[in-house]
>>> print(open('upload_24.cif').read())   # mmCIF, C-alpha atoms
data_run
loop_
_atom_site.group_PDB
_atom_site.id
_atom_site.type_symbol
_atom_site.label_atom_id
_atom_site.label_comp_id
_atom_site.auth_asym_id
_atom_site.auth_seq_id
_atom_site.Cartn_x
_atom_site.Cartn_y
_atom_site.Cartn_z
ATOM 1 C CA MET A 1 2.833 17.198 10.383
ATOM 2 C CA LYS A 2 3.251 13.501 11.147
ATOM 3 C CA ARG A 3 0.560 13.640 13.827
ATOM 4 C CA ALA A 4 -1.836 15.427 11.464
ATOM 5 C CA LEU A 5 -1.338 12.759 8.778
ATOM 6 C CA ILE A 6 -2.010 9.965 11.272
ATOM 7 C CA ILE A 7 -5.184 11.670 12.519
ATOM 8 C CA LEU A 8 -6.369 12.276 8.942
ATOM 9 C CA SER A 9 -5.705 8.638 8.002
ATOM 10 C CA LEU A 10 -7.610 7.349 11.028
ATOM 11 C CA ALA A 11 -10.531 9.687 10.323
ATOM 12 C CA ILE A 12 -10.773 8.453 6.725
ATOM 13 C CA VAL A 13 -10.693 4.803 7.812
ATOM 14 C CA ILE A 14 -13.380 5.380 10.470
ATOM 15 C CA VAL A 15 -15.694 7.208 8.052
ATOM 16 C CA LEU A 16 -15.273 4.509 5.418
ATOM 17 C CA CYS A 17 -15.888 1.687 7.895
ATOM 18 C CA LEU A 18 -18.933 3.316 9.515
ATOM 19 C CA SER A 19 -20.550 4.103 6.181
ATOM 20 C CA ALA A 20 -20.030 0.528 4.946
ATOM 21 C CA ALA A 21 -23.034 -0.828 6.847
ATOM 22 C CA SER A 22 -25.479 1.614 5.277
ATOM 23 C CA GLU A 23 -24.659 0.781 1.672
ATOM 24 C CA ALA A 24 -25.770 -2.414 -0.074
ATOM 25 C CA GLY A 25 -23.603 -4.344 -2.509
ATOM 26 C CA SER A 26 -19.975 -5.334 -2.435
ATOM 27 C CA SER A 27 -18.229 -1.978 -2.355
ATOM 28 C CA ASN A 28 -15.554 -3.045 0.164
ATOM 29 C CA ALA A 29 -12.668 -5.408 -0.434
ATOM 30 C CA ILE A 30 -9.951 -6.821 1.773
ATOM 31 C CA SER A 31 -7.064 -8.630 0.122
ATOM 32 C CA LEU A 32 -3.783 -10.311 0.911
ATOM 33 C CA PHE A 33 -1.015 -9.531 -1.531
ATOM 34 C CA GLY A 34 2.444 -10.541 -2.547
ATOM 35 C CA SER A 35 4.600 -7.932 -4.205
ATOM 36 C CA PHE A 36 7.876 -7.433 -5.970
ATOM 37 C CA SER A 37 8.952 -4.187 -4.340
ATOM 38 C CA PHE A 38 10.544 -3.139 -1.081
ATOM 39 C CA THR A 39 8.041 -5.296 0.795
ATOM 40 C CA PHE A 40 7.009 -8.844 -0.037
ATOM 41 C CA PHE A 41 3.650 -9.474 1.666
ATOM 42 C CA GLY A 42 0.807 -7.442 3.030
ATOM 43 C CA VAL A 43 -2.866 -6.669 3.373
ATOM 44 C CA GLU A 44 -4.987 -4.023 1.672
ATOM 45 C CA TYR A 45 -8.445 -2.587 2.225
ATOM 46 C CA GLU A 46 -10.393 -0.722 -0.436
ATOM 47 C CA ARG A 47 -13.734 1.064 -0.530
ATOM 48 C CA ARG A 48 -15.429 1.643 -3.881
ATOM 49 C CA LEU A 49 -17.148 4.928 -4.631
ATOM 50 C CA GLY A 50 -18.473 4.514 -8.170
ATOM 51 C CA ASN A 51 -15.466 4.107 -10.453
ATOM 52 C CA PHE A 52 -13.092 5.301 -7.741
ATOM 53 C CA GLY A 53 -11.425 3.157 -5.112
ATOM 54 C CA LEU A 54 -9.994 4.551 -1.878
ATOM 55 C CA GLY A 55 -8.088 2.524 0.649
ATOM 56 C CA ALA A 56 -4.787 1.616 2.228
ATOM 57 C CA ASP A 57 -2.238 -1.152 2.036
ATOM 58 C CA LEU A 58 0.260 -2.324 4.621
ATOM 59 C CA GLY A 59 3.340 -4.118 3.330
ATOM 60 C CA LEU A 60 5.684 -6.138 5.527
ATOM 61 C CA PHE A 61 8.928 -8.130 5.270
ATOM 62 C CA SER A 62 11.194 -5.837 3.325
ATOM 63 C CA ILE A 63 14.271 -6.702 1.305
ATOM 64 C CA MET A 64 16.047 -4.286 3.659
ATOM 65 C CA ASP A 65 15.486 -6.758 6.511
ATOM 66 C CA LEU A 66 17.540 -9.347 4.627
ATOM 67 C CA VAL A 67 20.229 -7.203 2.998
ATOM 68 C CA LEU A 68 21.136 -4.736 5.737
ATOM 69 C CA PRO A 69 22.089 -6.368 9.055
ATOM 70 C CA GLU A 70 21.433 -3.140 10.967
ATOM 71 C CA VAL A 71 17.745 -3.038 9.936
ATOM 72 C CA PHE A 72 15.583 -4.710 12.573
ATOM 73 C CA PHE A 73 12.214 -4.397 10.839
ATOM 74 C CA SER A 74 10.633 -2.375 8.062
ATOM 75 C CA MET A 75 7.117 -1.795 6.841
ATOM 76 C CA ARG A 76 5.291 0.268 4.247
ATOM 77 C CA LEU A 77 1.905 2.011 4.551
ATOM 78 C CA ASN A 78 0.357 3.537 1.447
ATOM 79 C CA GLY A 79 -2.950 5.123 0.586
ATOM 80 C CA LEU A 80 -4.706 3.732 -2.491
ATOM 81 C CA PHE A 81 -6.309 6.063 -5.009
ATOM 82 C CA ARG A 82 -7.640 4.004 -7.919
ATOM 83 C CA TYR A 83 -9.792 4.688 -10.938
ATOM 84 C CA TYR A 84 -11.559 1.701 -12.529
ATOM 85 C CA PHE A 85 -12.572 1.571 -16.192
ATOM 86 C CA ASN A 86 -15.925 -0.108 -16.875
ATOM 87 C CA VAL A 87 -14.907 -2.712 -19.438
ATOM 88 C CA HIS A 88 -16.854 -5.680 -18.059
ATOM 89 C CA PRO A 89 -18.675 -6.281 -14.737
ATOM 90 C CA GLN A 90 -16.124 -8.957 -13.730
ATOM 91 C CA PHE A 91 -13.007 -7.620 -15.453
ATOM 92 C CA LYS A 92 -11.933 -4.039 -14.759
ATOM 93 C CA PRO A 93 -8.614 -2.407 -15.636
ATOM 94 C CA TYR A 94 -7.516 0.404 -13.334
ATOM 95 C CA ILE A 95 -4.838 2.973 -12.639
ATOM 96 C CA ASN A 96 -3.481 3.546 -9.150
ATOM 97 C CA VAL A 97 -1.510 6.219 -7.312
ATOM 98 C CA ALA A 98 -0.415 5.192 -3.827
ATOM 99 C CA PRO A 99 1.529 7.751 -1.776
ATOM 100 C CA GLY A 100 2.762 6.631 1.600
ATOM 101 C CA VAL A 101 5.627 6.055 3.955
ATOM 102 C CA MET A 102 8.118 3.280 4.528
ATOM 103 C CA MET A 103 9.471 2.973 8.047
ATOM 104 C CA LEU A 104 12.888 1.447 8.710
ATOM 105 C CA PHE A 105 13.566 0.419 12.303
ATOM 106 C CA PHE A 106 17.284 0.039 12.981
ATOM 107 C CA LYS A 107 19.027 -2.107 15.582
ATOM 108 C CA VAL A 108 21.111 -0.140 18.013
ATOM 109 C CA PRO A 109 23.695 -1.349 20.548
ATOM 110 C CA GLU A 110 21.714 -0.121 23.518
ATOM 111 C CA PRO A 111 18.267 -1.754 23.886
ATOM 112 C CA ALA A 112 16.707 1.399 25.341
ATOM 113 C CA LEU A 113 17.308 3.279 22.085
ATOM 114 C CA ALA A 114 15.328 2.911 18.892
ATOM 115 C CA VAL A 115 16.236 4.529 15.605
ATOM 116 C CA THR A 116 13.485 4.961 13.038
ATOM 117 C CA VAL A 117 13.937 6.406 9.559
ATOM 118 C CA PRO A 118 10.773 7.435 7.678
ATOM 119 C CA VAL A 119 11.017 7.287 3.888
ATOM 120 C CA PHE A 120 8.499 8.803 1.466
ATOM 121 C CA ASN A 121 7.302 5.935 -0.716
ATOM 122 C CA MET A 122 4.898 6.012 -3.647
ATOM 123 C CA HIS A 123 3.969 3.651 -6.420
ATOM 124 C CA THR A 124 2.075 4.452 -9.593
ATOM 125 C CA THR A 125 0.661 1.432 -11.352
ATOM 126 C CA ALA A 126 -1.760 0.120 -13.910
ATOM 127 C CA GLY A 127 -3.549 -3.138 -13.298
ATOM 128 C CA PHE A 128 -6.628 -5.231 -13.772
ATOM 129 C CA GLU A 129 -9.090 -6.860 -11.439
ATOM 130 C CA TYR A 130 -11.127 -10.013 -11.949
ATOM 131 C CA THR A 131 -14.102 -10.448 -9.605
ATOM 132 C CA PRO A 132 -16.100 -13.671 -9.917
ATOM 133 C CA GLY A 133 -18.772 -13.248 -7.243
ATOM 134 C CA SER A 134 -17.310 -12.150 -3.923
ATOM 135 C CA PHE A 135 -13.787 -13.294 -4.792
ATOM 136 C CA ARG A 136 -11.234 -10.741 -6.020
ATOM 137 C CA LEU A 137 -8.032 -11.287 -7.996
ATOM 138 C CA ALA A 138 -5.874 -8.331 -9.013
ATOM 139 C CA LEU A 139 -2.559 -7.848 -10.759
ATOM 140 C CA GLU A 140 -0.845 -4.493 -11.082
ATOM 141 C CA ALA A 141 2.558 -3.316 -12.232
ATOM 142 C CA GLY A 142 4.323 0.010 -12.427
ATOM 143 C CA TYR A 143 7.008 2.089 -10.795
ATOM 144 C CA GLU A 144 7.788 2.587 -7.120
ATOM 145 C CA PHE A 145 9.935 5.480 -6.031
ATOM 146 C CA PHE A 146 11.058 6.759 -2.677
ATOM 147 C CA VAL A 147 12.843 9.696 -1.096
ATOM 148 C CA VAL A 148 15.222 9.117 1.815
ATOM 149 C CA PRO A 149 15.877 12.426 3.600
ATOM 150 C CA ALA A 150 18.932 11.115 5.485
ATOM 151 C CA VAL A 151 20.827 9.970 2.367
ATOM 152 C CA PRO A 152 22.750 12.393 0.113
ATOM 153 C CA ALA A 153 21.251 12.716 -3.371
ATOM 154 C CA GLU A 154 24.231 11.096 -5.133
ATOM 155 C CA TYR A 155 23.657 7.832 -3.208
ATOM 156 C CA GLU A 156 19.908 7.735 -3.465
ATOM 157 C CA VAL A 157 18.189 5.143 -5.658
ATOM 158 C CA PRO A 158 15.222 6.858 -7.326
ATOM 159 C CA GLY A 159 13.003 3.783 -7.557
ATOM 160 C CA ILE A 160 12.351 0.281 -8.823
ATOM 161 C CA PHE A 161 9.901 -1.768 -10.858
ATOM 162 C CA PHE A 162 6.811 -2.616 -8.824
ATOM 163 C CA MET A 163 4.436 -5.559 -9.207
ATOM 164 C CA LYS A 164 1.657 -6.778 -6.920
ATOM 165 C CA LEU A 165 -0.660 -9.796 -7.026
ATOM 166 C CA ALA A 166 -3.650 -9.708 -4.667
ATOM 167 C CA ALA A 167 -6.386 -12.175 -3.750
ATOM 168 C CA GLY A 168 -9.241 -11.183 -1.525
ATOM 169 C CA TYR A 169 -12.878 -11.000 -0.560
ATOM 170 C CA ARG A 170 -15.459 -8.371 -1.546
ATOM 171 C CA PHE A 171 -18.196 -7.509 0.903
#
>>> encode(input="upload_24.cif", output="structure tokens")
Amino acid sequence: MKRALIILSLAIVIVLCLSAASEAGSSNAISLFGSFSFTFFGVEYERRLGNFGLGADLGLFSIMDLVLPEVFFSMRLNGLFRYYFNVHPQFKPYINVAPGVMMLFFKVPEPALAVTVPVFNMHTTAGFEYTPGSFRLALEAGYEFFVVPAVPAEYEVPGIFFMKLAAGYRF
């Protein structure tokens, strides 16, 4: 299952990147973001198809790295499925559903061992985008939830408030 998801993700990225050269206009965007969630910084790529936006974001530097001493590194990878409302050519509100996975890499006493815990992670948000020329500014807020298979249900935190501010380039 994990291998199939990785292959599907790579196939989508390759198709989107290869088709980018044949289409005129600025339907691609790459942005750096800061977020109030389980990760603080990251990068996102998005491809516009009419009013729809498809892409992925990679978040790094988790709160888990700071709070839990046994966590070595964590990261989050989510797909982006956005719908933009045509309010103004430069100002567009949108809704976003972003299913993905958060990976927690734990420190272990023996260096030859590595313990990785995958966590289902998804955020649903509403936001707006301002695009003067090729520059892109976006702000979105909503709810981020996650499912940790290794933790009993009574200890699991269902989710947190999510907010993301992104600045990027459209090409």
>>> closest_residue(input="upload_24.cif", among="A:Val71, A:Phe161, A:Asn121, A:Ile30", to="Val108 (chain A)", atoms="all atoms listed in the file")
A:Val71
>>> closest_residue(input="upload_24.cif", among="A:Met103, A:Ala29, A:Leu68, A:Ala126", to="Val148 (chain A)", atoms="all atoms listed in the file")
A:Met103
>>> atom_distance(input="upload_24.cif", atom1="CA of Tyr84 (chain A)", atom2="CA of Leu58 (chain A)")
21.2 Å
>>> atom_distance(input="upload_24.cif", atom1="CA of Gly159 (chain A)", atom2="CA of Glu144 (chain A)")
5.4 Å
>>> atom_distance(input="upload_24.cif", atom1="CA of Phe41 (chain A)", atom2="CA of His88 (chain A)")
28.7 Å
>>> residues_around(input="upload_24.cif", residues="Arg47 (chain A)", least_positions_apart="4", cutoff="8 Å", atoms="only C-alpha atoms", output="ChimeraX atom specification")
/A:16,27-29,53-55
